[in-house]
Amino acid sequence: MKHLICMILLFSSISPKVIFDFNKNSDINDWTIVDDIVMGGESSSTFKLNSDGFGVFEGSISLDNNGGFSSVRYRFPKTKVKDYTRIILKIKADGKNYQFRIKSNSGDYYSYIAPFSTSGDWQEIEIPLKGMYPSFRGRKLDQANFAKDYIEEIAFLIGNKKRENFKLMIDKIELK
């Protein structure tokens, strides 16, 4: 019992680790748009800071030429996630469905994915790391869910198999 209490105290004492906290002075130059034009599609999106200092990912999804997705990704130095169990997204979007993606190695061809729905209001989305499944080009891979010690890339993606405009505002992304 004493061992269990010590472990609970140890895990509860780990403070959150911020991956990105948007504000009016944020440098967003390392955030990169990847739209379906890489495969011949015609979707388009932008990523910018608004006047309140939130990251704004918005655009238009087109299904023309086998298109259908837009994404924005952020690569950063390897960050240890072994001591954390979840990622918290503080976002506001348009009621549409999105995906949050991570890579333990930015050179991997696949990502670990967690779909989430938005409400139109500010939300705190909690994503269990172990619940993120591996996927490549929209297909779930026959591999284990996320169990790595590090990440070095995160991304947001929208691809709901329909023409639509979208807007996702991001306040903060952190590990807990």
# chains A, B, ... in the order shown; residues from 1 in each chain; ligands from 1
call {"tool": "residues_around", "arguments": {"residues": "A:Asp35", "least_positions_apart": "3", "cutoff": "9 Å", "atoms": "only C-alpha atoms", "output": "ChimeraX atom specification"}}
result
/A:38-39,41-45,61,67-72
call {"tool": "residues_around", "arguments": {"residues": "A:Gly131", "least_positions_apart": "4", "cutoff": "8 Å", "atoms": "only C-alpha atoms", "output": "NGL selection string"}}
result
:A and (114 or 127 or 145-146)
call {"tool": "select_by_dssp", "arguments": {"residues": "chain A", "states": "strand (DSSP E or B)", "output": "ChimeraX atom specification"}}
result
/A:17-21,31-35,44-49,55-61,70-80,86-93,97-103,111-117,122-128,133-136,139-140,150-158,164-175
call {"tool": "residues_around", "arguments": {"residues": "A:Phe20", "least_positions_apart": "6", "cutoff": "7 Å", "atoms": "only C-alpha atoms", "output": "number ranges by chain"}}
result
A: 172-174
call {"tool": "residues_around", "arguments": {"residues": "A:Asn165", "least_positions_apart": "6", "cutoff": "8 Å", "atoms": "only C-alpha atoms", "output": "VMD selection string"}}
result
chain A and resid 58 to 61
call {"tool": "select_by_dssp", "arguments": {"residues": "chain A", "states": "alpha helix (DSSP H)", "output": "list in words"}}
result
Lys2, His3, Leu4, Ile5, Cys6, Met7, Ile8, Leu9, Leu10, Phe11 and Ser12 of chain A
call {"tool": "residues_around", "arguments": {"residues": "A:Ile19", "least_positions_apart": "5", "cutoff": "12 Å", "atoms": "only C-alpha atoms", "output": "list in words"}}
result
Tyr74, Arg75, Phe76, Pro77, Lys78, Thr79, Lys80, Val81, Ile87, Ile88, Leu89, Lys90, Ile102, Ile151, Glu152, Glu153, Ile154, Ala155, Asp171, Lys172, Ile173, Glu174, Leu175 and Lys176 of chain A
call {"tool": "atom_distance", "arguments": {"atom1": "atom CA of A:Leu157", "atom2": "atom CA of A:Glu126"}}
result
16.7 Å
call {"tool": "residues_around", "arguments": {"residues": "A:Ser119", "least_positions_apart": "6", "cutoff": "7 Å", "atoms": "only C-alpha atoms", "output": "VMD selection string"}}
result
chain A and resid 93 to 95
call {"tool": "residues_around", "arguments": {"residues": "A:Asp121", "least_positions_apart": "3", "cutoff": "12 Å", "atoms": "only C-alpha atoms", "output": "PDB file with all heavy atoms, in the first residue's frame"}}
result
ATOM      1  N   LYS A  90      -6.618  23.129 -26.007  1.00  0.00           N
ATOM      2  CA  LYS A  90      -7.577  24.193 -25.696  1.00  0.00           C
ATOM      3  C   LYS A  90      -7.877  24.878 -27.032  1.00  0.00           C
ATOM      4  O   LYS A  90      -7.039  25.592 -27.573  1.00  0.00           O
ATOM      5  CB  LYS A  90      -7.007  25.152 -24.669  1.00  0.00           C
ATOM      6  CG  LYS A  90      -6.835  24.467 -23.322  1.00  0.00           C
ATOM      7  CD  LYS A  90      -6.353  25.386 -22.251  1.00  0.00           C
ATOM      8  CE  LYS A  90      -6.187  24.600 -20.958  1.00  0.00           C
ATOM      9  NZ  LYS A  90      -5.577  25.372 -19.905  1.00  0.00           N
ATOM     10  N   ILE A  91      -9.093  24.601 -27.545  1.00  0.00           N
ATOM     11  CA  ILE A  91      -9.432  25.014 -28.908  1.00  0.00           C
ATOM     12  C   ILE A  91     -10.868  25.537 -28.983  1.00  0.00           C
ATOM     13  O   ILE A  91     -11.683  25.306 -28.090  1.00  0.00           O
ATOM     14  CB  ILE A  91      -9.261  23.843 -29.909  1.00  0.00           C
ATOM     15  CG1 ILE A  91     -10.082  22.605 -29.494  1.00  0.00           C
ATOM     16  CG2 ILE A  91      -7.821  23.432 -30.029  1.00  0.00           C
ATOM     17  CD1 ILE A  91     -11.354  22.469 -30.225  1.00  0.00           C
ATOM     18  N   LYS A  92     -11.130  26.230 -30.083  1.00  0.00           N
ATOM     19  CA  LYS A  92     -12.488  26.620 -30.437  1.00  0.00           C
ATOM     20  C   LYS A  92     -12.608  26.409 -31.937  1.00  0.00           C
ATOM     21  O   LYS A  92     -11.773  26.902 -32.703  1.00  0.00           O
ATOM     22  CB  LYS A  92     -12.767  28.076 -30.090  1.00  0.00           C
ATOM     23  CG  LYS A  92     -14.180  28.517 -30.440  1.00  0.00           C
ATOM     24  CD  LYS A  92     -14.419  29.965 -30.054  1.00  0.00           C
ATOM     25  CE  LYS A  92     -15.856  30.354 -30.384  1.00  0.00           C
ATOM     26  NZ  LYS A  92     -16.101  31.775 -30.053  1.00  0.00           N
ATOM     27  N   ALA A  93     -13.624  25.685 -32.345  1.00  0.00           N
ATOM     28  CA  ALA A  93     -13.800  25.429 -33.774  1.00  0.00           C
ATOM     29  C   ALA A  93     -15.272  25.550 -34.150  1.00  0.00           C
ATOM     30  O   ALA A  93     -16.083  26.034 -33.378  1.00  0.00           O
ATOM     31  CB  ALA A  93     -13.227  24.071 -34.167  1.00  0.00           C
ATOM     32  N   ASP A  94     -15.590  25.056 -35.313  1.00  0.00           N
ATOM     33  CA  ASP A  94     -16.830  25.326 -36.014  1.00  0.00           C
ATOM     34  C   ASP A  94     -17.858  24.203 -35.961  1.00  0.00           C
ATOM     35  O   ASP A  94     -18.769  24.163 -36.775  1.00  0.00           O
ATOM     36  CB  ASP A  94     -16.484  25.613 -37.464  1.00  0.00           C
ATOM     37  CG  ASP A  94     -15.468  24.607 -37.992  1.00  0.00           C
ATOM     38  OD1 ASP A  94     -15.374  23.488 -37.433  1.00  0.00           O
ATOM     39  OD2 ASP A  94     -14.751  24.935 -38.942  1.00  0.00           O
ATOM     40  N   GLY A  95     -17.718  23.278 -35.032  1.00  0.00           N
ATOM     41  CA  GLY A  95     -18.659  22.169 -34.940  1.00  0.00           C
ATOM     42  C   GLY A  95     -18.316  21.002 -35.851  1.00  0.00           C
ATOM     43  O   GLY A  95     -19.061  20.034 -35.929  1.00  0.00           O
ATOM     44  N   LYS A  96     -17.194  21.070 -36.523  1.00  0.00           N
ATOM     45  CA  LYS A  96     -16.783  19.998 -37.436  1.00  0.00           C
ATOM     46  C   LYS A  96     -15.853  19.010 -36.723  1.00  0.00           C
ATOM     47  O   LYS A  96     -15.378  19.269 -35.628  1.00  0.00           O
ATOM     48  CB  LYS A  96     -16.107  20.596 -38.661  1.00  0.00           C
ATOM     49  CG  LYS A  96     -17.073  21.441 -39.501  1.00  0.00           C
ATOM     50  CD  LYS A  96     -16.400  22.016 -40.717  1.00  0.00           C
ATOM     51  CE  LYS A  96     -17.387  22.673 -41.642  1.00  0.00           C
ATOM     52  NZ  LYS A  96     -18.069  23.824 -41.145  1.00  0.00           N
ATOM     53  N   SER A 117     -14.321  15.881 -32.016  1.00  0.00           N
ATOM     54  CA  SER A 117     -15.418  16.714 -32.501  1.00  0.00           C
ATOM     55  C   SER A 117     -15.365  18.055 -31.796  1.00  0.00           C
ATOM     56  O   SER A 117     -14.932  18.146 -30.647  1.00  0.00           O
ATOM     57  CB  SER A 117     -16.763  16.051 -32.208  1.00  0.00           C
ATOM     58  OG  SER A 117     -16.845  14.814 -32.867  1.00  0.00           O
ATOM     59  N   THR A 118     -15.837  19.083 -32.493  1.00  0.00           N
ATOM     60  CA  THR A 118     -15.867  20.421 -31.902  1.00  0.00           C
ATOM     61  C   THR A 118     -17.306  20.885 -31.756  1.00  0.00           C
ATOM     62  O   THR A 118     -18.215  20.385 -32.421  1.00  0.00           O
ATOM     63  CB  THR A 118     -15.054  21.408 -32.761  1.00  0.00           C
ATOM     64  OG1 THR A 118     -15.654  21.524 -34.056  1.00  0.00           O
ATOM     65  CG2 THR A 118     -13.615  20.937 -32.912  1.00  0.00           C
ATOM     66  N   GLU A 124     -11.853  22.115 -23.952  1.00  0.00           N
ATOM     67  CA  GLU A 124     -10.615  21.483 -23.550  1.00  0.00           C
ATOM     68  C   GLU A 124     -10.760  20.010 -23.927  1.00  0.00           C
ATOM     69  O   GLU A 124     -11.523  19.283 -23.312  1.00  0.00           O
ATOM     70  CB  GLU A 124     -10.375  21.670 -22.055  1.00  0.00           C
ATOM     71  CG  GLU A 124      -9.000  21.252 -21.627  1.00  0.00           C
ATOM     72  CD  GLU A 124      -8.681  21.645 -20.195  1.00  0.00           C
ATOM     73  OE1 GLU A 124      -8.385  22.838 -19.953  1.00  0.00           O
ATOM     74  OE2 GLU A 124      -8.749  20.757 -19.329  1.00  0.00           O
ATOM     75  N   ILE A 125     -10.054  19.628 -24.980  1.00  0.00           N
ATOM     76  CA  ILE A 125     -10.115  18.260 -25.491  1.00  0.00           C
ATOM     77  C   ILE A 125      -8.981  17.470 -24.836  1.00  0.00           C
ATOM     78  O   ILE A 125      -7.823  17.871 -24.908  1.00  0.00           O
ATOM     79  CB  ILE A 125      -9.930  18.222 -27.029  1.00  0.00           C
ATOM     80  CG1 ILE A 125     -10.906  19.158 -27.740  1.00  0.00           C
ATOM     81  CG2 ILE A 125      -9.991  16.792 -27.552  1.00  0.00           C
ATOM     82  CD1 ILE A 125     -12.313  18.699 -27.805  1.00  0.00           C
ATOM     83  N   LEU A 168     -10.462  26.557 -37.181  1.00  0.00           N
ATOM     84  CA  LEU A 168     -10.053  26.014 -35.882  1.00  0.00           C
ATOM     85  C   LEU A 168      -9.129  27.023 -35.213  1.00  0.00           C
ATOM     86  O   LEU A 168      -8.102  27.395 -35.793  1.00  0.00           O
ATOM     87  CB  LEU A 168      -9.334  24.683 -36.074  1.00  0.00           C
ATOM     88  CG  LEU A 168      -8.636  24.062 -34.866  1.00  0.00           C
ATOM     89  CD1 LEU A 168      -9.661  23.571 -33.847  1.00  0.00           C
ATOM     90  CD2 LEU A 168      -7.745  22.913 -35.303  1.00  0.00           C
ATOM     91  N   MET A 169      -9.504  27.490 -34.017  1.00  0.00           N
ATOM     92  CA  MET A 169      -8.644  28.389 -33.245  1.00  0.00           C
ATOM     93  C   MET A 169      -7.993  27.584 -32.127  1.00  0.00           C
ATOM     94  O   MET A 169      -8.652  26.794 -31.457  1.00  0.00           O
ATOM     95  CB  MET A 169      -9.434  29.554 -32.663  1.00  0.00           C
ATOM     96  CG  MET A 169      -9.898  30.535 -33.720  1.00  0.00           C
ATOM     97  SD  MET A 169     -10.523  32.086 -33.032  1.00  0.00           S
ATOM     98  CE  MET A 169     -11.915  31.522 -32.086  1.00  0.00           C
ATOM     99  N   ILE A 170      -6.691  27.822 -31.931  1.00  0.00           N
ATOM    100  CA  ILE A 170      -5.929  27.077 -30.935  1.00  0.00           C
ATOM    101  C   ILE A 170      -5.365  28.041 -29.904  1.00  0.00           C
ATOM    102  O   ILE A 170      -4.714  29.034 -30.258  1.00  0.00           O
ATOM    103  CB  ILE A 170      -4.772  26.301 -31.603  1.00  0.00           C
ATOM    104  CG1 ILE A 170      -5.272  25.517 -32.811  1.00  0.00           C
ATOM    105  CG2 ILE A 170      -4.098  25.382 -30.589  1.00  0.00           C
ATOM    106  CD1 ILE A 170      -4.162  25.063 -33.747  1.00  0.00           C
TER     107      ILE A 170
END
call {"tool": "closest_residue", "arguments": {"among": "A:Asn65, A:Ser135, A:Ser106, A:Gln123", "to": "A:Tyr150", "atoms": "only C-alpha atoms"}}
result
A:Ser106
call {"tool": "closest_residue", "arguments": {"among": "A:Tyr98, A:Tyr84, A:Phe166, A:Tyr112", "to": "A:Lys17", "atoms": "only C-alpha atoms"}}
result
A:Tyr84
call {"tool": "atom_distance", "arguments": {"atom1": "atom CA of A:Arg86", "atom2": "atom CA of A:Lys161"}}
result
27.9 Å
call {"tool": "decode", "arguments": {"residues": "stretch 132-168 of chain A", "atoms": "N, CA and C atoms", "output": "CSV table (one decimal), in the first residue's frame"}}
result
chain,number,residue,atom,x,y,z
A,132,MET,N,-4.1,6.8,-29.0
A,132,MET,CA,-3.8,7.2,-30.4
A,132,MET,C,-3.4,6.1,-31.3
A,133,TYR,N,-4.0,5.9,-32.4
A,133,TYR,CA,-3.7,4.7,-33.2
A,133,TYR,C,-2.9,5.1,-34.5
A,134,PRO,N,-2.1,4.2,-35.0
A,134,PRO,CA,-1.2,4.5,-36.1
A,134,PRO,C,-2.1,4.5,-37.4
A,135,SER,N,-1.8,5.5,-38.3
A,135,SER,CA,-2.5,5.5,-39.6
A,135,SER,C,-1.6,6.2,-40.6
A,136,PHE,N,-1.9,5.8,-41.9
A,136,PHE,CA,-1.2,6.3,-43.0
A,136,PHE,C,-2.2,6.5,-44.2
A,137,ARG,N,-2.2,7.7,-44.7
A,137,ARG,CA,-3.1,8.1,-45.8
A,137,ARG,C,-4.6,7.6,-45.5
A,138,GLY,N,-5.1,7.8,-44.3
A,138,GLY,CA,-6.4,7.5,-44.0
A,138,GLY,C,-6.7,6.1,-43.6
A,139,ARG,N,-5.7,5.2,-43.6
A,139,ARG,CA,-5.9,3.8,-43.3
A,139,ARG,C,-5.2,3.5,-42.0
A,140,LYS,N,-6.0,2.8,-41.1
A,140,LYS,CA,-5.4,2.4,-39.8
A,140,LYS,C,-4.4,1.3,-40.1
A,141,LEU,N,-3.3,1.3,-39.4
A,141,LEU,CA,-2.2,0.3,-39.6
A,141,LEU,C,-2.4,-0.8,-38.6
A,142,ASP,N,-1.9,-1.9,-38.9
A,142,ASP,CA,-1.9,-3.1,-38.0
A,142,ASP,C,-0.7,-3.1,-37.1
A,143,GLN,N,-0.7,-2.1,-36.3
A,143,GLN,CA,0.4,-1.9,-35.3
A,143,GLN,C,-0.2,-1.4,-34.0
A,144,ALA,N,0.6,-1.4,-33.0
A,144,ALA,CA,0.1,-1.0,-31.6
A,144,ALA,C,-0.1,0.5,-31.6
A,145,ASN,N,-1.0,0.9,-30.7
A,145,ASN,CA,-1.2,2.3,-30.4
A,145,ASN,C,0.0,2.9,-29.8
A,146,PHE,N,0.0,4.2,-29.7
A,146,PHE,CA,1.2,5.0,-29.3
A,146,PHE,C,1.7,4.5,-27.9
A,147,ALA,N,3.0,4.2,-27.9
A,147,ALA,CA,3.7,3.8,-26.6
A,147,ALA,C,5.1,4.2,-26.7
A,148,LYS,N,5.4,5.3,-27.3
A,148,LYS,CA,6.8,5.8,-27.5
A,148,LYS,C,7.1,6.7,-26.3
A,149,ASP,N,8.4,7.0,-26.2
A,149,ASP,CA,8.9,7.9,-25.1
A,149,ASP,C,9.0,9.3,-25.5
A,150,TYR,N,9.0,9.6,-26.8
A,150,TYR,CA,9.2,11.0,-27.3
A,150,TYR,C,8.2,11.3,-28.4
A,151,ILE,N,8.0,12.6,-28.6
A,151,ILE,CA,7.3,13.1,-29.8
A,151,ILE,C,8.2,14.3,-30.3
A,152,GLU,N,8.0,14.5,-31.7
A,152,GLU,CA,8.7,15.7,-32.2
A,152,GLU,C,7.9,16.3,-33.3
A,153,GLU,N,6.6,15.9,-33.4
A,153,GLU,CA,5.7,16.6,-34.4
A,153,GLU,C,4.3,16.4,-33.9
A,154,ILE,N,3.5,17.5,-34.1
A,154,ILE,CA,2.1,17.4,-33.8
A,154,ILE,C,1.4,18.0,-35.1
A,155,ALA,N,0.1,17.7,-35.3
A,155,ALA,CA,-0.6,18.2,-36.4
A,155,ALA,C,-2.1,18.2,-36.2
A,156,PHE,N,-2.8,19.1,-36.8
A,156,PHE,CA,-4.2,19.1,-36.9
A,156,PHE,C,-4.6,18.9,-38.3
A,157,LEU,N,-5.6,18.0,-38.6
A,157,LEU,CA,-6.0,17.7,-39.9
A,157,LEU,C,-7.6,17.7,-40.0
A,158,ILE,N,-8.1,18.2,-41.1
A,158,ILE,CA,-9.5,18.0,-41.3
A,158,ILE,C,-9.7,17.3,-42.7
A,159,GLY,N,-10.5,16.3,-42.7
A,159,GLY,CA,-10.7,15.5,-43.9
A,159,GLY,C,-12.0,14.7,-43.8
A,160,ASN,N,-13.1,15.3,-43.9
A,160,ASN,CA,-14.4,14.7,-43.6
A,160,ASN,C,-15.1,14.1,-44.8
A,161,LYS,N,-14.4,14.0,-45.9
A,161,LYS,CA,-14.9,13.5,-47.1
A,161,LYS,C,-16.1,14.3,-47.7
A,162,LYS,N,-16.0,15.6,-47.5
A,162,LYS,CA,-17.0,16.5,-48.1
A,162,LYS,C,-16.4,17.9,-48.3
A,163,ARG,N,-17.0,18.6,-49.2
A,163,ARG,CA,-16.6,20.0,-49.4
A,163,ARG,C,-17.1,20.8,-48.2
A,164,GLU,N,-16.2,21.6,-47.7
A,164,GLU,CA,-16.6,22.4,-46.5
A,164,GLU,C,-15.5,23.5,-46.2
A,165,ASN,N,-16.0,24.6,-45.7
A,165,ASN,CA,-15.0,25.6,-45.2
A,165,ASN,C,-14.9,25.2,-43.7
A,166,PHE,N,-13.7,25.6,-43.1
A,166,PHE,CA,-13.4,25.3,-41.7
A,166,PHE,C,-12.6,26.3,-41.1
A,167,LYS,N,-12.7,26.4,-39.7
A,167,LYS,CA,-11.9,27.3,-38.9
A,167,LYS,C,-11.7,26.7,-37.5
A,168,LEU,N,-10.5,26.6,-37.2
A,168,LEU,CA,-10.1,26.0,-35.9
A,168,LEU,C,-9.1,27.0,-35.2
